[in-house]
>>> print(open('run10.tsv').read())   # TSV, C-alpha atoms
chain	number	residue	atom	x	y	z
U	645	MET	CA	99.10	-82.88	-5.55
U	646	LYS	CA	97.61	-80.12	-3.44
U	647	LEU	CA	97.58	-77.58	-6.30
U	648	ILE	CA	95.51	-79.94	-8.48
U	649	GLU	CA	92.98	-80.39	-5.66
U	650	SER	CA	92.79	-76.61	-5.28
U	651	LEU	CA	92.38	-76.00	-9.01
U	652	LYS	CA	89.60	-78.60	-9.15
U	653	TRP	CA	87.86	-76.94	-6.21
U	654	ARG	CA	87.91	-73.48	-7.78
U	655	TYR	CA	85.74	-72.00	-10.50
U	656	ALA	CA	84.92	-68.43	-11.54
U	657	SER	CA	82.12	-67.66	-9.11
U	658	LYS	CA	79.32	-65.67	-10.74
U	659	LYS	CA	77.66	-64.75	-7.44
U	660	MET	CA	79.44	-64.00	-4.18
U	661	ASN	CA	77.82	-63.69	-0.76
U	662	GLY	CA	79.53	-60.60	0.64
U	663	GLY	CA	81.50	-62.53	3.28
U	664	LYS	CA	84.77	-61.05	4.52
U	665	ILE	CA	88.06	-62.87	4.05
U	666	PRO	CA	90.25	-63.14	7.18
U	667	GLN	CA	93.35	-60.93	7.03
U	668	GLU	CA	95.73	-63.89	7.30
U	669	LYS	CA	94.36	-65.44	4.13
U	670	ILE	CA	94.64	-62.14	2.27
U	671	GLU	CA	98.24	-61.76	3.42
U	672	ASN	CA	99.03	-65.25	2.11
U	673	ILE	CA	97.50	-64.46	-1.28
U	674	LEU	CA	99.47	-61.20	-1.49
U	675	THR	CA	102.67	-62.99	-0.47
U	676	ALA	CA	102.15	-65.52	-3.26
U	677	ILE	CA	101.70	-62.64	-5.72
U	678	GLN	CA	104.89	-61.05	-4.40
U	679	LEU	CA	106.80	-64.31	-4.91
U	680	ALA	CA	105.54	-64.86	-8.49
U	681	PRO	CA	108.37	-64.83	-11.03
U	682	SER	CA	108.68	-62.31	-13.86
U	683	SER	CA	110.99	-61.74	-16.79
U	684	MET	CA	114.40	-60.52	-15.57
U	685	GLY	CA	112.80	-60.36	-12.09
U	686	LEU	CA	111.49	-56.86	-12.77
U	687	GLN	CA	107.88	-57.30	-11.59
U	688	PRO	CA	106.68	-54.46	-13.83
U	689	TYR	CA	103.21	-54.16	-12.35
U	690	THR	CA	101.32	-52.97	-9.28
U	691	VAL	CA	98.29	-54.61	-7.69
U	692	LEU	CA	95.53	-52.48	-6.20
U	693	VAL	CA	93.78	-54.10	-3.25
U	694	ILE	CA	90.36	-52.46	-2.99
U	695	THR	CA	88.07	-52.92	-0.01
U	696	ALA	CA	86.30	-49.51	0.10
U	697	PRO	CA	82.62	-50.10	-0.80
U	698	GLU	CA	82.28	-46.71	-2.52
U	699	ILE	CA	85.16	-47.48	-4.89
U	700	LYS	CA	83.77	-50.93	-5.70
U	701	GLN	CA	80.39	-49.32	-6.44
U	702	GLN	CA	82.02	-46.91	-8.86
U	703	ILE	CA	83.86	-49.76	-10.58
U	704	GLN	CA	80.82	-52.01	-11.01
U	705	PRO	CA	79.20	-50.12	-13.94
U	706	ILE	CA	82.57	-50.10	-15.74
U	707	ALA	CA	82.58	-53.92	-15.61
U	708	TYR	CA	79.21	-54.81	-17.16
U	709	SER	CA	77.65	-54.40	-13.70
U	710	GLN	CA	79.01	-57.76	-12.57
U	711	SER	CA	77.84	-58.36	-9.00
U	712	GLN	CA	81.09	-59.91	-7.74
U	713	ILE	CA	82.70	-56.45	-7.84
U	714	VAL	CA	80.55	-55.24	-4.94
U	715	ASP	CA	79.91	-58.66	-3.33
U	716	SER	CA	83.61	-59.46	-3.11
U	717	SER	CA	85.57	-59.00	0.09
U	718	HIS	CA	88.67	-57.68	-1.67
U	719	LEU	CA	88.93	-56.60	-5.30
U	720	LEU	CA	92.39	-56.95	-6.85
U	721	VAL	CA	93.18	-54.81	-9.89
U	722	PHE	CA	96.33	-55.88	-11.73
U	723	ALA	CA	97.91	-52.85	-13.39
U	724	ALA	CA	100.97	-53.15	-15.62
U	725	TRP	CA	103.52	-50.40	-15.95
U	726	ALA	CA	102.43	-48.15	-18.83
U	727	ASP	CA	106.09	-48.00	-19.89
U	728	ILE	CA	109.36	-49.31	-18.47
U	729	THR	CA	111.75	-46.47	-17.76
U	730	THR	CA	115.45	-46.11	-16.99
U	731	ARG	CA	114.50	-44.85	-13.53
U	732	GLN	CA	112.56	-48.04	-12.80
U	733	VAL	CA	115.47	-50.19	-13.96
U	734	ASP	CA	117.86	-48.16	-11.77
U	735	GLU	CA	115.62	-48.67	-8.74
U	736	TYR	CA	115.45	-52.41	-9.41
U	737	ILE	CA	119.21	-52.72	-9.78
U	738	GLN	CA	119.72	-50.79	-6.50
U	739	HIS	CA	117.23	-53.04	-4.73
U	740	THR	CA	118.95	-56.17	-6.09
U	741	ALA	CA	122.37	-54.96	-4.95
U	742	ILE	CA	121.06	-54.25	-1.45
U	743	THR	CA	119.15	-57.57	-1.21
U	744	ARG	CA	122.18	-59.56	-2.35
U	745	ASN	CA	124.69	-57.44	-0.45
U	746	MET	CA	126.82	-56.76	-3.50
U	747	PRO	CA	128.13	-53.63	-5.24
U	748	VAL	CA	125.90	-52.11	-7.94
U	749	GLU	CA	128.89	-52.35	-10.32
U	750	GLY	CA	128.62	-56.13	-10.21
U	751	LEU	CA	125.22	-55.81	-11.88
U	752	ALA	CA	126.39	-53.56	-14.74
U	753	GLU	CA	126.12	-56.22	-17.44
U	754	PHE	CA	122.65	-57.32	-16.28
U	755	LYS	CA	121.54	-53.69	-16.15
U	756	ASN	CA	122.79	-53.03	-19.67
U	757	THR	CA	120.92	-56.06	-20.99
U	758	LEU	CA	117.73	-54.83	-19.37
U	759	LEU	CA	118.21	-51.25	-20.60
U	760	GLY	CA	118.92	-52.61	-24.08
U	761	ILE	CA	115.55	-54.35	-24.13
U	762	ILE	CA	113.44	-51.50	-22.81
U	763	THR	CA	115.02	-48.81	-24.98
U	764	LYS	CA	114.77	-50.95	-28.13
U	765	ASN	CA	111.05	-51.53	-27.45
U	766	THR	CA	108.34	-48.94	-28.03
U	767	THR	CA	106.30	-47.77	-25.04
U	768	GLU	CA	103.43	-50.00	-26.19
U	769	GLU	CA	105.74	-53.02	-26.51
U	770	ASN	CA	107.08	-52.43	-23.01
U	771	PHE	CA	103.53	-52.21	-21.72
U	772	GLN	CA	102.48	-55.44	-23.47
U	773	TRP	CA	105.54	-57.19	-22.06
U	774	ALA	CA	104.70	-55.88	-18.59
U	775	ALA	CA	101.09	-57.03	-19.02
U	776	ARG	CA	102.22	-60.60	-19.73
U	777	GLN	CA	104.31	-60.57	-16.55
U	778	ALA	CA	101.27	-59.34	-14.63
U	779	TYR	CA	99.39	-62.39	-15.92
U	780	ILE	CA	101.93	-64.72	-14.29
U	781	ALA	CA	101.20	-62.99	-10.98
U	782	PHE	CA	97.48	-63.16	-11.79
U	783	GLY	CA	97.68	-66.93	-12.34
U	784	THR	CA	99.63	-67.27	-9.10
U	785	ALA	CA	96.99	-65.26	-7.22
U	786	ILE	CA	94.22	-67.53	-8.54
U	787	ALA	CA	96.11	-70.63	-7.36
U	788	ALA	CA	96.83	-69.03	-3.97
U	789	ALA	CA	93.20	-68.06	-3.41
U	790	ALA	CA	92.10	-71.59	-4.29
U	791	GLU	CA	94.52	-73.08	-1.78
U	792	GLU	CA	92.98	-70.80	0.87
U	793	ARG	CA	89.52	-71.91	-0.33
U	794	VAL	CA	88.78	-68.32	-1.21
U	795	ASP	CA	86.77	-67.80	-4.38
U	796	ALA	CA	88.29	-65.69	-7.12
U	797	THR	CA	86.69	-64.66	-10.41
U	798	PRO	CA	89.19	-63.74	-13.14
U	799	MET	CA	87.68	-60.75	-14.90
U	800	GLU	CA	88.87	-59.12	-18.10
U	801	GLY	CA	85.47	-57.74	-19.04
U	802	PHE	CA	85.74	-54.05	-18.13
U	803	ASP	CA	86.59	-50.78	-19.83
U	804	ALA	CA	90.25	-50.40	-18.92
U	805	SER	CA	90.61	-46.75	-19.92
U	806	VAL	CA	87.57	-45.69	-17.86
U	807	LEU	CA	88.85	-47.70	-14.89
U	808	ASP	CA	92.30	-46.13	-15.27
U	809	ASP	CA	90.70	-42.67	-15.14
U	810	LEU	CA	88.62	-43.55	-12.08
U	811	LEU	CA	91.63	-44.90	-10.17
U	812	GLY	CA	94.05	-42.24	-11.40
U	813	LEU	CA	96.36	-44.90	-12.80
U	814	ALA	CA	97.91	-42.78	-15.59
U	815	GLY	CA	99.38	-40.48	-12.95
U	816	LYS	CA	100.99	-43.54	-11.33
U	817	GLY	CA	102.43	-44.76	-14.66
U	818	LEU	CA	100.02	-47.72	-14.69
U	819	ARG	CA	97.37	-49.26	-16.96
U	820	SER	CA	94.88	-51.83	-15.67
U	821	VAL	CA	95.00	-55.22	-17.39
U	822	THR	CA	92.81	-57.56	-15.38
U	823	MET	CA	90.81	-57.82	-12.14
U	824	LEU	CA	90.24	-60.50	-9.52
U	825	PRO	CA	87.38	-60.16	-7.05
U	826	LEU	CA	88.09	-62.34	-3.98
U	827	GLY	CA	85.29	-63.54	-1.75
U	828	TYR	CA	82.97	-66.45	-1.11
U	829	ARG	CA	80.60	-68.17	-3.50
U	830	ASP	CA	76.86	-67.85	-2.95
U	831	THR	CA	76.25	-71.45	-3.99
U	832	GLU	CA	72.46	-71.29	-4.01
U	833	ASN	CA	72.33	-68.28	-6.30
U	834	ASP	CA	75.31	-69.04	-8.53
U	835	TRP	CA	74.25	-70.81	-11.73
U	836	LEU	CA	77.84	-71.92	-12.35
U	837	ALA	CA	78.49	-73.35	-8.88
U	838	ASN	CA	77.59	-76.95	-9.65
U	839	LEU	CA	78.35	-77.27	-13.35
U	840	PRO	CA	81.23	-79.52	-14.44
U	841	LYS	CA	84.49	-77.80	-15.32
U	842	VAL	CA	85.17	-77.64	-19.08
U	843	ARG	CA	88.79	-78.14	-20.11
U	844	ARG	CA	90.47	-79.10	-23.38
U	845	GLN	CA	91.45	-82.76	-23.48
U	846	LYS	CA	95.13	-83.42	-22.81
U	847	GLU	CA	95.57	-84.95	-26.27
U	848	LYS	CA	94.50	-81.62	-27.80
U	849	LEU	CA	96.15	-79.27	-25.31
U	850	PHE	CA	99.57	-80.94	-25.47
U	851	ILE	CA	101.84	-82.02	-28.32
U	852	LEU	CA	104.51	-84.51	-27.25
U	853	GLN	CA	107.73	-84.64	-29.25
J	1020	MET	CA	100.63	-72.09	3.01
J	1021	LYS	CA	102.09	-74.79	0.82
J	1022	LEU	CA	102.21	-72.61	-2.31
J	1023	ILE	CA	104.27	-69.97	-0.50
J	1024	GLU	CA	106.77	-72.63	0.63
J	1025	SER	CA	106.99	-73.90	-2.95
J	1026	LEU	CA	107.47	-70.42	-4.40
J	1027	LYS	CA	110.22	-69.71	-1.87
J	1028	TRP	CA	111.94	-72.98	-2.76
J	1029	ARG	CA	111.95	-72.26	-6.48
J	1030	TYR	CA	114.19	-69.99	-8.53
J	1031	ALA	CA	115.07	-69.81	-12.23
J	1032	SER	CA	117.84	-72.40	-12.36
J	1033	LYS	CA	120.68	-71.30	-14.63
J	1034	LYS	CA	122.32	-74.76	-14.73
J	1035	MET	CA	120.50	-78.07	-14.74
J	1036	ASN	CA	122.07	-81.49	-14.19
J	1037	GLY	CA	120.37	-83.55	-16.91
J	1038	GLY	CA	118.34	-85.65	-14.44
J	1039	LYS	CA	115.06	-87.14	-15.65
J	1040	ILE	CA	111.75	-86.24	-14.05
J	1041	PRO	CA	109.49	-89.20	-13.10
J	1042	GLN	CA	106.42	-89.52	-15.33
J	1043	GLU	CA	104.00	-89.06	-12.41
J	1044	LYS	CA	105.41	-85.62	-11.64
J	1045	ILE	CA	105.19	-84.59	-15.29
J	1046	GLU	CA	101.58	-85.76	-15.44
J	1047	ASN	CA	100.76	-83.66	-12.37
J	1048	ILE	CA	102.36	-80.56	-13.91
J	1049	LEU	CA	100.44	-81.10	-17.16
J	1050	THR	CA	97.19	-81.63	-15.24
J	1051	ALA	CA	97.74	-78.33	-13.42
J	1052	ILE	CA	98.26	-76.61	-16.80
J	1053	GLN	CA	95.08	-78.24	-18.08
J	1054	LEU	CA	93.13	-76.94	-15.06
J	1055	ALA	CA	94.45	-73.36	-15.33
J	1056	PRO	CA	91.66	-70.85	-16.01
J	1057	SER	CA	91.44	-68.67	-19.11
J	1058	SER	CA	89.19	-65.92	-20.38
J	1059	MET	CA	85.78	-67.35	-21.35
J	1060	GLY	CA	87.30	-70.79	-20.66
J	1061	LEU	CA	88.67	-70.97	-24.20
J	1062	GLN	CA	92.26	-72.07	-23.44
J	1063	PRO	CA	93.52	-70.55	-26.71
J	1064	TYR	CA	96.98	-72.14	-26.59
J	1065	THR	CA	98.84	-75.41	-27.00
J	1066	VAL	CA	101.81	-76.60	-25.00
J	1067	LEU	CA	104.57	-78.59	-26.67
J	1068	VAL	CA	106.26	-81.10	-24.38
J	1069	ILE	CA	109.68	-81.79	-25.85
J	1070	THR	CA	111.94	-84.62	-24.68
J	1071	ALA	CA	113.74	-85.54	-27.93
J	1072	PRO	CA	117.42	-84.58	-27.50
J	1073	GLU	CA	117.85	-83.69	-31.18
J	1074	ILE	CA	115.00	-81.17	-31.05
J	1075	LYS	CA	116.37	-79.59	-27.86
J	1076	GLN	CA	119.77	-79.31	-29.53
J	1077	GLN	CA	118.22	-77.47	-32.46
J	1078	ILE	CA	116.36	-75.11	-30.14
J	1079	GLN	CA	119.37	-74.23	-27.99
J	1080	PRO	CA	121.06	-71.84	-30.48
J	1081	ILE	CA	117.73	-70.04	-30.98
J	1082	ALA	CA	117.67	-69.28	-27.24
J	1083	TYR	CA	121.04	-67.60	-26.66
J	1084	SER	CA	122.56	-71.08	-26.24
J	1085	GLN	CA	121.13	-71.40	-22.74
J	1086	SER	CA	122.24	-74.72	-21.30
J	1087	GLN	CA	118.95	-75.55	-19.58
J	1088	ILE	CA	117.38	-76.25	-22.98
J	1089	VAL	CA	119.51	-79.38	-23.43
J	1090	ASP	CA	120.08	-80.15	-19.73
J	1091	SER	CA	116.36	-80.12	-18.97
J	1092	SER	CA	114.36	-83.32	-18.70
J	1093	HIS	CA	111.29	-81.87	-20.45
J	1094	LEU	CA	111.10	-78.61	-22.35
J	1095	LEU	CA	107.67	-76.97	-22.42
J	1096	VAL	CA	106.95	-74.49	-25.22
J	1097	PHE	CA	103.81	-72.42	-24.66
J	1098	ALA	CA	102.31	-71.48	-28.03
J	1099	ALA	CA	99.28	-69.21	-28.30
J	1100	TRP	CA	96.76	-69.49	-31.10
J	1101	ALA	CA	97.94	-67.22	-33.93
J	1102	ASP	CA	94.31	-66.17	-34.38
J	1103	ILE	CA	91.00	-67.22	-32.84
J	1104	THR	CA	88.64	-68.51	-35.47
J	1105	THR	CA	84.93	-69.30	-35.70
J	1106	ARG	CA	85.83	-72.97	-36.10
J	1107	GLN	CA	87.73	-72.97	-32.79
J	1108	VAL	CA	84.80	-71.29	-31.04
J	1109	ASP	CA	82.41	-73.88	-32.54
J	1110	GLU	CA	84.59	-76.72	-31.29
J	1111	TYR	CA	84.73	-75.20	-27.81
J	1112	ILE	CA	80.96	-74.73	-27.66
J	1113	GLN	CA	80.42	-78.35	-28.78
J	1114	HIS	CA	82.87	-79.59	-26.14
J	1115	THR	CA	81.12	-77.51	-23.45
J	1116	ALA	CA	77.70	-78.85	-24.43
J	1117	ILE	CA	78.95	-82.45	-24.26
J	1118	THR	CA	80.80	-81.93	-20.95
J	1119	ARG	CA	77.78	-80.30	-19.34
J	1120	ASN	CA	75.26	-82.61	-20.99
J	1121	MET	CA	73.20	-79.77	-22.40
J	1122	PRO	CA	71.97	-78.78	-25.88
J	1123	VAL	CA	74.26	-76.56	-27.94
J	1124	GLU	CA	71.32	-74.16	-28.31
J	1125	GLY	CA	71.54	-73.38	-24.59
J	1126	LEU	CA	74.96	-71.88	-25.24
J	1127	ALA	CA	73.87	-69.61	-28.09
J	1128	GLU	CA	74.16	-66.36	-26.14
J	1129	PHE	CA	77.58	-67.28	-24.75
J	1130	LYS	CA	78.74	-68.28	-28.23
J	1131	ASN	CA	77.55	-64.99	-29.71
J	1132	THR	CA	79.41	-63.03	-27.04
J	1133	LEU	CA	82.59	-64.93	-27.82
J	1134	LEU	CA	82.16	-64.56	-31.58
J	1135	GLY	CA	81.50	-60.85	-31.08
J	1136	ILE	CA	84.85	-60.44	-29.34
J	1137	ILE	CA	86.97	-62.42	-31.77
J	1138	THR	CA	85.45	-60.91	-34.92
J	1139	LYS	CA	85.75	-57.35	-33.56
J	1140	ASN	CA	89.44	-57.94	-32.78
J	1141	THR	CA	92.20	-58.02	-35.41
J	1142	THR	CA	94.19	-61.23	-35.80
J	1143	GLU	CA	97.05	-59.63	-33.86
J	1144	GLU	CA	94.71	-58.57	-31.04
J	1145	ASN	CA	93.30	-62.10	-30.81
J	1146	PHE	CA	96.85	-63.46	-30.66
J	1147	GLN	CA	97.89	-61.01	-27.92
J	1148	TRP	CA	94.78	-61.95	-25.96
J	1149	ALA	CA	95.57	-65.64	-26.40
J	1150	ALA	CA	99.17	-65.00	-25.32
J	1151	ARG	CA	98.00	-63.46	-22.04
J	1152	GLN	CA	95.87	-66.53	-21.36
J	1153	ALA	CA	98.89	-68.73	-22.05
J	1154	TYR	CA	100.75	-66.77	-19.35
J	1155	ILE	CA	98.14	-67.79	-16.76
J	1156	ALA	CA	98.85	-71.43	-17.66
J	1157	PHE	CA	102.58	-70.65	-17.63
J	1158	GLY	CA	102.35	-69.23	-14.09
J	1159	THR	CA	100.32	-72.27	-13.03
J	1160	ALA	CA	102.96	-74.60	-14.51
J	1161	ILE	CA	105.72	-72.83	-12.57
J	1162	ALA	CA	103.78	-73.21	-9.31
J	1163	ALA	CA	103.02	-76.88	-10.07
J	1164	ALA	CA	106.65	-77.70	-10.84
J	1165	ALA	CA	107.72	-76.03	-7.59
J	1166	GLU	CA	105.24	-78.10	-5.59
J	1167	GLU	CA	106.77	-81.23	-7.17
J	1168	ARG	CA	110.23	-79.85	-6.30
J	1169	VAL	CA	111.03	-79.84	-9.99
J	1170	ASP	CA	113.12	-76.91	-11.21
J	1171	ALA	CA	111.66	-74.71	-13.92
J	1172	THR	CA	113.31	-71.79	-15.66
J	1173	PRO	CA	110.88	-69.31	-17.24
J	1174	MET	CA	112.48	-68.32	-20.54
J	1175	GLU	CA	111.34	-65.57	-22.88
J	1176	GLY	CA	114.79	-65.02	-24.37
J	1177	PHE	CA	114.54	-66.75	-27.74
J	1178	ASP	CA	113.76	-65.86	-31.35
J	1179	ALA	CA	110.09	-66.77	-31.57
J	1180	SER	CA	109.80	-66.64	-35.35
J	1181	VAL	CA	112.81	-68.93	-35.85
J	1182	LEU	CA	111.47	-71.33	-33.22
J	1183	ASP	CA	108.05	-71.28	-34.90
J	1184	ASP	CA	109.69	-72.24	-38.21
J	1185	LEU	CA	111.71	-75.04	-36.60
J	1186	LEU	CA	108.66	-76.54	-34.91
J	1187	GLY	CA	106.28	-75.92	-37.83
J	1188	LEU	CA	103.95	-73.92	-35.61
J	1189	ALA	CA	102.49	-71.68	-38.34
J	1190	GLY	CA	101.00	-74.77	-39.98
J	1191	LYS	CA	99.33	-75.61	-36.67
J	1192	GLY	CA	97.92	-72.07	-36.27
J	1193	LEU	CA	100.28	-71.38	-33.35
J	1194	ARG	CA	102.94	-68.86	-32.32
J	1195	SER	CA	105.39	-69.56	-29.49
J	1196	VAL	CA	105.26	-67.09	-26.61
J	1197	THR	CA	107.40	-68.51	-23.81
J	1198	MET	CA	109.33	-71.64	-22.78
J	1199	LEU	CA	109.81	-73.57	-19.56
J	1200	PRO	CA	112.64	-76.09	-19.26
J	1201	LEU	CA	111.84	-78.55	-16.44
J	1202	GLY	CA	114.62	-80.46	-14.71
J	1203	TYR	CA	116.86	-80.44	-11.69
J	1204	ARG	CA	119.27	-77.75	-10.53
J	1205	ASP	CA	123.01	-78.41	-10.65
J	1206	THR	CA	123.57	-76.55	-7.38
J	1207	GLU	CA	127.37	-76.61	-7.47
J	1208	ASN	CA	127.59	-75.10	-10.93
J	1209	ASP	CA	124.64	-72.73	-10.77
J	1210	TRP	CA	125.71	-69.21	-9.77
J	1211	LEU	CA	122.12	-68.31	-8.90
J	1212	ALA	CA	121.39	-71.35	-6.71
J	1213	ASN	CA	122.26	-69.76	-3.38
J	1214	LEU	CA	121.55	-66.08	-3.93
J	1215	PRO	CA	118.66	-64.47	-2.05
J	1216	LYS	CA	115.44	-63.96	-3.99
J	1217	VAL	CA	114.81	-60.33	-5.03
J	1218	ARG	CA	111.21	-59.19	-4.84
J	1219	ARG	CA	109.57	-55.76	-4.71
J	1220	GLN	CA	108.53	-54.79	-1.20
J	1221	LYS	CA	104.85	-55.24	-0.46
J	1222	GLU	CA	104.46	-51.50	0.23
J	1223	LYS	CA	105.58	-50.82	-3.36
J	1224	LEU	CA	103.91	-53.74	-5.09
J	1225	PHE	CA	100.48	-53.16	-3.55
J	1226	ILE	CA	98.25	-50.11	-3.22
J	1227	LEU	CA	95.52	-50.53	-0.59
J	1228	GLN	CA	92.37	-48.53	-0.98
>>> encode(input="run10.tsv", output="structure tokens")
Amino acid sequence: MKLIESLKWRYASKKMNGGKIPQEKIENILTAIQLAPSSMGLQPYTVLVITAPEIKQQIQPIAYSQSQIVDSSHLLVFAAWADITTRQVDEYIQHTAITRNMPVEGLAEFKNTLLGIITKNTTEENFQWAARQAYIAFGTAIAAAAEERVDATPMEGFDASVLDDLLGLAGKGLRSVTMLPLGYRDTENDWLANLPKVRRQKEKLFILQ
Amino acid sequence: MKLIESLKWRYASKKMNGGKIPQEKIENILTAIQLAPSSMGLQPYTVLVITAPEIKQQIQPIAYSQSQIVDSSHLLVFAAWADITTRQVDEYIQHTAITRNMPVEGLAEFKNTLLGIITKNTTEENFQWAARQAYIAFGTAIAAAAEERVDATPMEGFDASVLDDLLGLAGKGLRSVTMLPLGYRDTENDWLANLPKVRRQKEKLFILQ
């Protein structure tokens, strides 16, 4: 299975070499993110794709000064919707009707179900729900990068509220949830590059019944 | 890119045909889940792999009577750790030391970082963190199933506390977060089988900077 080979190849590189990723590979990784599934199909998140060195430099101190931030080629910031609003649901329903060439009225029941969920939830609950969906896309991005033999370091260790301020995310209705520097491992200087992968044994990770 | 082809092939089947998935394909999907990354490498979740028809029948009414529960070949239930405890961290550190053939003492700093996080967090915060990690594995499982041309229907629509009671998850220190019936689409009877996929446009989903 190609995905298994890719997942065995990958690891969370601790030192990248500054190499640039070809545009075609980036496009493939972004397409995989776009195709990732989400609850009700809403995709309640936005992904920032940062290449500007001055922005990466400003982000680095917010993330425990991790070097991959500035040594990456592209830095992805996964930001979930801070709330899920009626306007966003309307836009999604419109987009679905157009994509499937059907009248909006045919989606009334689906729309009502979705509105029922988001209005019953608090803003924080909607955000947490959106964050989980963003993690599906995040997992998909990690798999996609590995297939392209692009290194990717999943990174939750940063001050989200400071990052949100820096990137002006509140004004966009977003809150950052996780980051993914993409680049190439600097094998010689990466202490993790040659260590065996640690994973829970199948007999502990799975319960068969 | 093979992953893109797989993600285009897949959709959330609304009607499965009861066909059984060969063991080799299931093993590959479980191996992909095992290889999925998680924060600090902790993998704070367990995945139930349910094939027993009587258990699926009991789960179905808890999940809006969705037919895929009983028409699936294997039903995966992703359950996050209800809390993250010192004992679990100890076990993980031991397992890492053995896997990497190094003394436990060499992992003292890493262990302290991890203990610092989980003791600072409330139980609920640890659970929510664990749930997000489970969603990375969930996204990986969906991609793996698609590569095997096995249908998978991501399913959050169920009463988690009732399911937890049914499966005795509290006693195992677990809380269910999402499900994934695996099986084969019944194309003729699945209204969603031939509809175009709806995804946010790249110019809306991504912000380049």
>>> atom_distance(input="run10.tsv", atom1="CA of Phe1129 in chain J", atom2="CA of Met1059 in chain J")
8.9 Å
>>> interface_residues(input="run10.tsv", of="chain J", to="chain U", cutoff="7 Å", atoms="only C-alpha atoms", output="mmCIF file with C-alpha atoms, in the coordinates of the input")
data_model
loop_
_atom_site.group_PDB
_atom_site.id
_atom_site.type_symbol
_atom_site.label_atom_id
_atom_site.label_comp_id
_atom_site.auth_asym_id
_atom_site.auth_seq_id
_atom_site.Cartn_x
_atom_site.Cartn_y
_atom_site.Cartn_z
ATOM 1 C CA LEU J 1022 102.210 -72.610 -2.310
ATOM 2 C CA ILE J 1023 104.270 -69.970 -0.500
ATOM 3 C CA LEU J 1026 107.470 -70.420 -4.400
ATOM 4 C CA ALA J 1051 97.740 -78.330 -13.420
ATOM 5 C CA GLN J 1053 95.080 -78.240 -18.080
ATOM 6 C CA LEU J 1054 93.130 -76.940 -15.060
ATOM 7 C CA THR J 1065 98.840 -75.410 -27.000
ATOM 8 C CA VAL J 1066 101.810 -76.600 -25.000
ATOM 9 C CA LEU J 1067 104.570 -78.590 -26.670
ATOM 10 C CA VAL J 1068 106.260 -81.100 -24.380
ATOM 11 C CA ILE J 1069 109.680 -81.790 -25.850
ATOM 12 C CA THR J 1070 111.940 -84.620 -24.680
ATOM 13 C CA ALA J 1071 113.740 -85.540 -27.930
ATOM 14 C CA THR J 1115 81.120 -77.510 -23.450
ATOM 15 C CA THR J 1118 80.800 -81.930 -20.950
ATOM 16 C CA ARG J 1119 77.780 -80.300 -19.340
ATOM 17 C CA ARG J 1151 98.000 -63.460 -22.040
ATOM 18 C CA TYR J 1154 100.750 -66.770 -19.350
ATOM 19 C CA ILE J 1155 98.140 -67.790 -16.760
ATOM 20 C CA PHE J 1157 102.580 -70.650 -17.630
ATOM 21 C CA GLY J 1158 102.350 -69.230 -14.090
ATOM 22 C CA THR J 1159 100.320 -72.270 -13.030
ATOM 23 C CA ALA J 1163 103.020 -76.880 -10.070
ATOM 24 C CA LEU J 1214 121.550 -66.080 -3.930
ATOM 25 C CA PRO J 1215 118.660 -64.470 -2.050
ATOM 26 C CA VAL J 1217 114.810 -60.330 -5.030
ATOM 27 C CA ARG J 1218 111.210 -59.190 -4.840
ATOM 28 C CA LEU J 1224 103.910 -53.740 -5.090
ATOM 29 C CA PHE J 1225 100.480 -53.160 -3.550
ATOM 30 C CA ILE J 1226 98.250 -50.110 -3.220
ATOM 31 C CA LEU J 1227 95.520 -50.530 -0.590
ATOM 32 C CA GLN J 1228 92.370 -48.530 -0.980
#
>>> residues_around(input="run10.tsv", residues="Trp835 in chain U", least_positions_apart="2", cutoff="12 Å", atoms="all atoms listed in the file", output="list in words")
Tyr655, Ala656, Ser657, Lys658, Lys659, Met660, Arg829, Asp830, Thr831, Glu832, Asn833, Ala837, Asn838, Leu839 and Pro840 of chain U
>>> atom_distance(input="run10.tsv", atom1="CA of Gln701 in chain U", atom2="CA of Leu807 in chain U")
12.1 Å
>>> atom_distance(input="run10.tsv", atom1="CA of Val794 in chain U", atom2="CA of Thr1197 in chain J")
29.3 Å
>>> residues_around(input="run10.tsv", residues="range 758-770 of chain U", least_positions_apart="4", cutoff="8 Å", atoms="all atoms listed in the file", output="PyMOL selection string")
chain U and resi 684+726-730+733+754+774
>>> write_last_selection(input="run10.tsv", atoms="C-alpha atoms", output="PDB file, in the coordinates of the input")
ATOM      1  CA  MET U 684     114.400 -60.520 -15.570  1.00  0.00           C
ATOM      2  CA  ALA U 726     102.430 -48.150 -18.830  1.00  0.00           C
ATOM      3  CA  ASP U 727     106.090 -48.000 -19.890  1.00  0.00           C
ATOM      4  CA  ILE U 728     109.360 -49.310 -18.470  1.00  0.00           C
ATOM      5  CA  THR U 729     111.750 -46.470 -17.760  1.00  0.00           C
ATOM      6  CA  THR U 730     115.450 -46.110 -16.990  1.00  0.00           C
ATOM      7  CA  VAL U 733     115.470 -50.190 -13.960  1.00  0.00           C
ATOM      8  CA  PHE U 754     122.650 -57.320 -16.280  1.00  0.00           C
ATOM      9  CA  ALA U 774     104.700 -55.880 -18.590  1.00  0.00           C
TER      10      ALA U 774
END
>>> axis_aligned_box(input="run10.tsv", around="range 1088-1092 of chain J", padding_each_side="5 Å", output="AutoDock Vina command-line options")
--center_x 117.2 --center_y -79.8 --center_z -21.1 --size_x 15.7 --size_y 17.1 --size_z 14.7
>>> residues_around(input="run10.tsv", residues="Asp1183 in chain J", least_positions_apart="3", cutoff="9 Å", atoms="all atoms listed in the file", output="number ranges by chain")
J: 1098, 1178-1180, 1186-1189, 1193-1195
>>> decode(input="run10.tsv", residues="range 680-684 of chain U", atoms="C-alpha atoms", output="mmCIF file, in the first residue's frame")
data_model
loop_
_atom_site.group_PDB
_atom_site.id
_atom_site.type_symbol
_atom_site.label_atom_id
_atom_site.label_comp_id
_atom_site.auth_asym_id
_atom_site.auth_seq_id
_atom_site.Cartn_x
_atom_site.Cartn_y
_atom_site.Cartn_z
ATOM 1 C CA ALA U 680 -10.479 16.085 2.539
ATOM 2 C CA PRO U 681 -13.916 15.252 3.932
ATOM 3 C CA SER U 682 -15.614 17.175 6.749
ATOM 4 C CA SER U 683 -18.804 16.878 8.741
ATOM 5 C CA MET U 684 -21.808 17.774 6.559
#
